[in-house]
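**Student:** The structure that follows is given in the form of structure tokens.
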Amino acid sequence: MYNRFFKRFIDLVLSSIGIVIAAIPMLIVAVLIKADSPGPVFFRQKRVGINKTHFMIMKFRSMPVTAPKDTPTHELKDASSLLSPFQEAIRKYSIDELPQLFNIFAGQMSFVGPRPALWNQYDLLEERDKYGANGVKPGLTGWAQINGRDELPIAVKAAYDGEYVKNLSFAFDVKCFFRTFFAVAKAEGVTEGGTGSMESAGASSDNGSSQNGK
């Protein structure tokens, strides 16, 4: 009942409020992006939604327009060297994710759920299939993101996504939502290029796209 009806109602209400509250801050970020480097303000990319359907995710552009598209950040050598100080800051504190409020409002995403994989991240999607994690809406934040973010190997990240699906409830969503603020404030688990500390143990990491990183 919660996942089918109440969760969507909460997403719709909170995303509406969030868009209104964040309108002026997003406008300021948009102006700073244009002043910082040439190119569009927004970055749109094909991602995997519920039941492996595709949708176009919205983000603030946080890399130069010359950066490779649809390439996981960990596959780029010294990805941080591509970033201006401003781009590095908005990625570090997830400010570039704010336009996803519109994806939530449109029903393509939820506030809490597994982060939407790139369309070509077949290894992550395969791992998520083991846990039924492809059968729920992707989220702005999720259980994996507050337990390691970029540092998590794919198998571990998928397992956390599966744990989220298993425990999906209003209380668990609230827990994930508020713990996200602490993780973002401390920029926990953010790795630009290469891999994180957990990755050094041996598995490969999913860091999103070269324009995304999350």
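Numbering starts fresh at 1 for the residues of each chain in the structure tokens, the chains themselves are lettered A, B, ... in the order given, and ligands are numbered from 1 as they appear.
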I'd like the contact shell of range 125-142 of chain A - 6 Å cut-off, only C-alpha atoms, skipping same-chain residues fewer than 4 positions apart - returned as a VMD selection string.
**Tutor:** chain A and resid 49 to 51 109 to 116 158 161 to 162
**Student:** Using DSSP on the backbone coordinates, identify all residues within range 30-196 of chain A classified as strand (DSSP E or B); present the result as a ChimeraX atom specification.
**Tutor:** /A:42-48,54-60,110-112,118,139-141,153
**Student:** Under the rule that only C-alpha atoms are counted, which of A:Ser81, A:Ala117, A:Phe5, A:Ile10 is the nearest residue to Val174 in chain A?
**Tutor:**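 Answer, going by the shortest atom-to-atom distance: A:Ile10.
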**Student:** Enumerate, in order of chain and increasing residue number, the residues of range 58-145 of chain A with an atom no farther than 10 Å from range 32-36 of chain A, each with its shortest atom pair and distance in Å to one decimal, counting only C-alpha atoms, as CSV.
**Tutor:**
```
residue,atom,partner,partner_atom,distance
A:Phe60,CA,A:Ile33,CA,8.1
A:Arg61,CA,A:Ile33,CA,7.5
A:Ser62,CA,A:Ile33,CA,8.0
A:Met63,CA,A:Ile33,CA,9.8
A:Pro64,CA,A:Asp36,CA,9.8
A:Ser84,CA,A:Asp36,CA,7.8
A:Pro85,CA,A:Asp36,CA,9.3
A:Phe86,CA,A:Asp36,CA,7.3
A:Gln87,CA,A:Ile33,CA,8.1
A:Ile90,CA,A:Ile33,CA,9.8
```
**Student:** Any chance you can output those residues with N, CA and C atoms as a PDB file, in the first residue's frame?
**Tutor:**
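Wrote it out as part_28.pdb, contents follow:
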```
ATOM      1  N   PHE A  60      22.238  19.654 -13.224  1.00  0.00           N
ATOM      2  CA  PHE A  60      23.016  20.806 -13.639  1.00  0.00           C
ATOM      3  C   PHE A  60      24.311  20.275 -14.262  1.00  0.00           C
ATOM      4  N   ARG A  61      24.735  20.895 -15.347  1.00  0.00           N
ATOM      5  CA  ARG A  61      26.000  20.476 -15.962  1.00  0.00           C
ATOM      6  C   ARG A  61      27.139  20.750 -14.980  1.00  0.00           C
ATOM      7  N   SER A  62      27.915  19.716 -14.705  1.00  0.00           N
ATOM      8  CA  SER A  62      28.973  19.848 -13.697  1.00  0.00           C
ATOM      9  C   SER A  62      30.334  19.434 -14.228  1.00  0.00           C
ATOM     10  N   MET A  63      30.446  19.383 -15.558  1.00  0.00           N
ATOM     11  CA  MET A  63      31.732  19.104 -16.203  1.00  0.00           C
ATOM     12  C   MET A  63      31.804  19.892 -17.505  1.00  0.00           C
ATOM     13  N   PRO A  64      32.998  20.048 -18.059  1.00  0.00           N
ATOM     14  CA  PRO A  64      33.109  20.710 -19.361  1.00  0.00           C
ATOM     15  C   PRO A  64      32.342  19.939 -20.431  1.00  0.00           C
ATOM     16  N   SER A  84      36.474  22.537 -12.857  1.00  0.00           N
ATOM     17  CA  SER A  84      36.803  23.829 -12.271  1.00  0.00           C
ATOM     18  C   SER A  84      36.494  23.737 -10.777  1.00  0.00           C
ATOM     19  N   PRO A  85      37.014  24.637  -9.942  1.00  0.00           N
ATOM     20  CA  PRO A  85      36.686  24.607  -8.516  1.00  0.00           C
ATOM     21  C   PRO A  85      35.178  24.670  -8.253  1.00  0.00           C
ATOM     22  N   PHE A  86      34.454  25.440  -9.058  1.00  0.00           N
ATOM     23  CA  PHE A  86      33.001  25.532  -8.888  1.00  0.00           C
ATOM     24  C   PHE A  86      32.337  24.202  -9.224  1.00  0.00           C
ATOM     25  N   GLN A  87      32.748  23.579 -10.323  1.00  0.00           N
ATOM     26  CA  GLN A  87      32.168  22.286 -10.702  1.00  0.00           C
ATOM     27  C   GLN A  87      32.455  21.228  -9.651  1.00  0.00           C
ATOM     28  N   ILE A  90      29.973  21.839  -6.650  1.00  0.00           N
ATOM     29  CA  ILE A  90      28.569  21.463  -6.802  1.00  0.00           C
ATOM     30  C   ILE A  90      28.400  19.954  -6.910  1.00  0.00           C
TER      31      ILE A  90
END
```
**Student:** List every residue of range 89-133 of chain A that DSSP, applied to the backbone, labels as helix (DSSP H, G or I), and write the result as a list in words.
**Tutor:**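 The residues of range 89-133 of chain A classed as helix (DSSP H, G or I) are Ala89, Ile90, Arg91, Lys92, Ile95, Asp96, Glu97, Gln100, Leu101, Phe102, Asn103, Ile104, Phe105, Tyr122, Asp123, Leu124, Leu125, Glu126, Glu127, Arg128, Asp129 and Ala133 of chain A.
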**Student:** Using only C-alpha atoms, can you tell me which of A:Val20, A:Ile146, A:Val41, A:Met56 comes closest to Phe178 in chain A?
**Tutor:**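 Among the listed residues, A:Ile146 lies closest to Phe178 in chain A.
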**Student:** Find the residue from A:Lys92, A:Phe102, A:Asp11, A:Gly39 that sits nearest to Thr66 in chain A; use only C-alpha atoms when measuring.
**Tutor:**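 Among the listed residues, A:Gly39 lies closest to Thr66 in chain A.
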**Student:** Which of these, A:Leu101, A:Ile95, A:Val13, A:Leu124, has the shortest distance to Ala155 in chain A once you count only C-alpha atoms?
**Tutor:**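 Looking at the shortest contact to Ala155 in chain A, the residue is A:Leu124.
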**Student:** Using only C-alpha atoms, find the one residue out of A:Ser15, A:Ser94, A:Gln108, A:Gln121 that sits nearest to Phe55 in chain A.
**Tutor:** A:Gln108
**Student:** Could you check which of A:Lys157, A:Arg91, A:Arg4, A:Lys166 is closest to Lys59 in chain A, using only C-alpha atoms?
**Tutor:**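 Among the listed residues, A:Arg91 lies closest to Lys59 in chain A.
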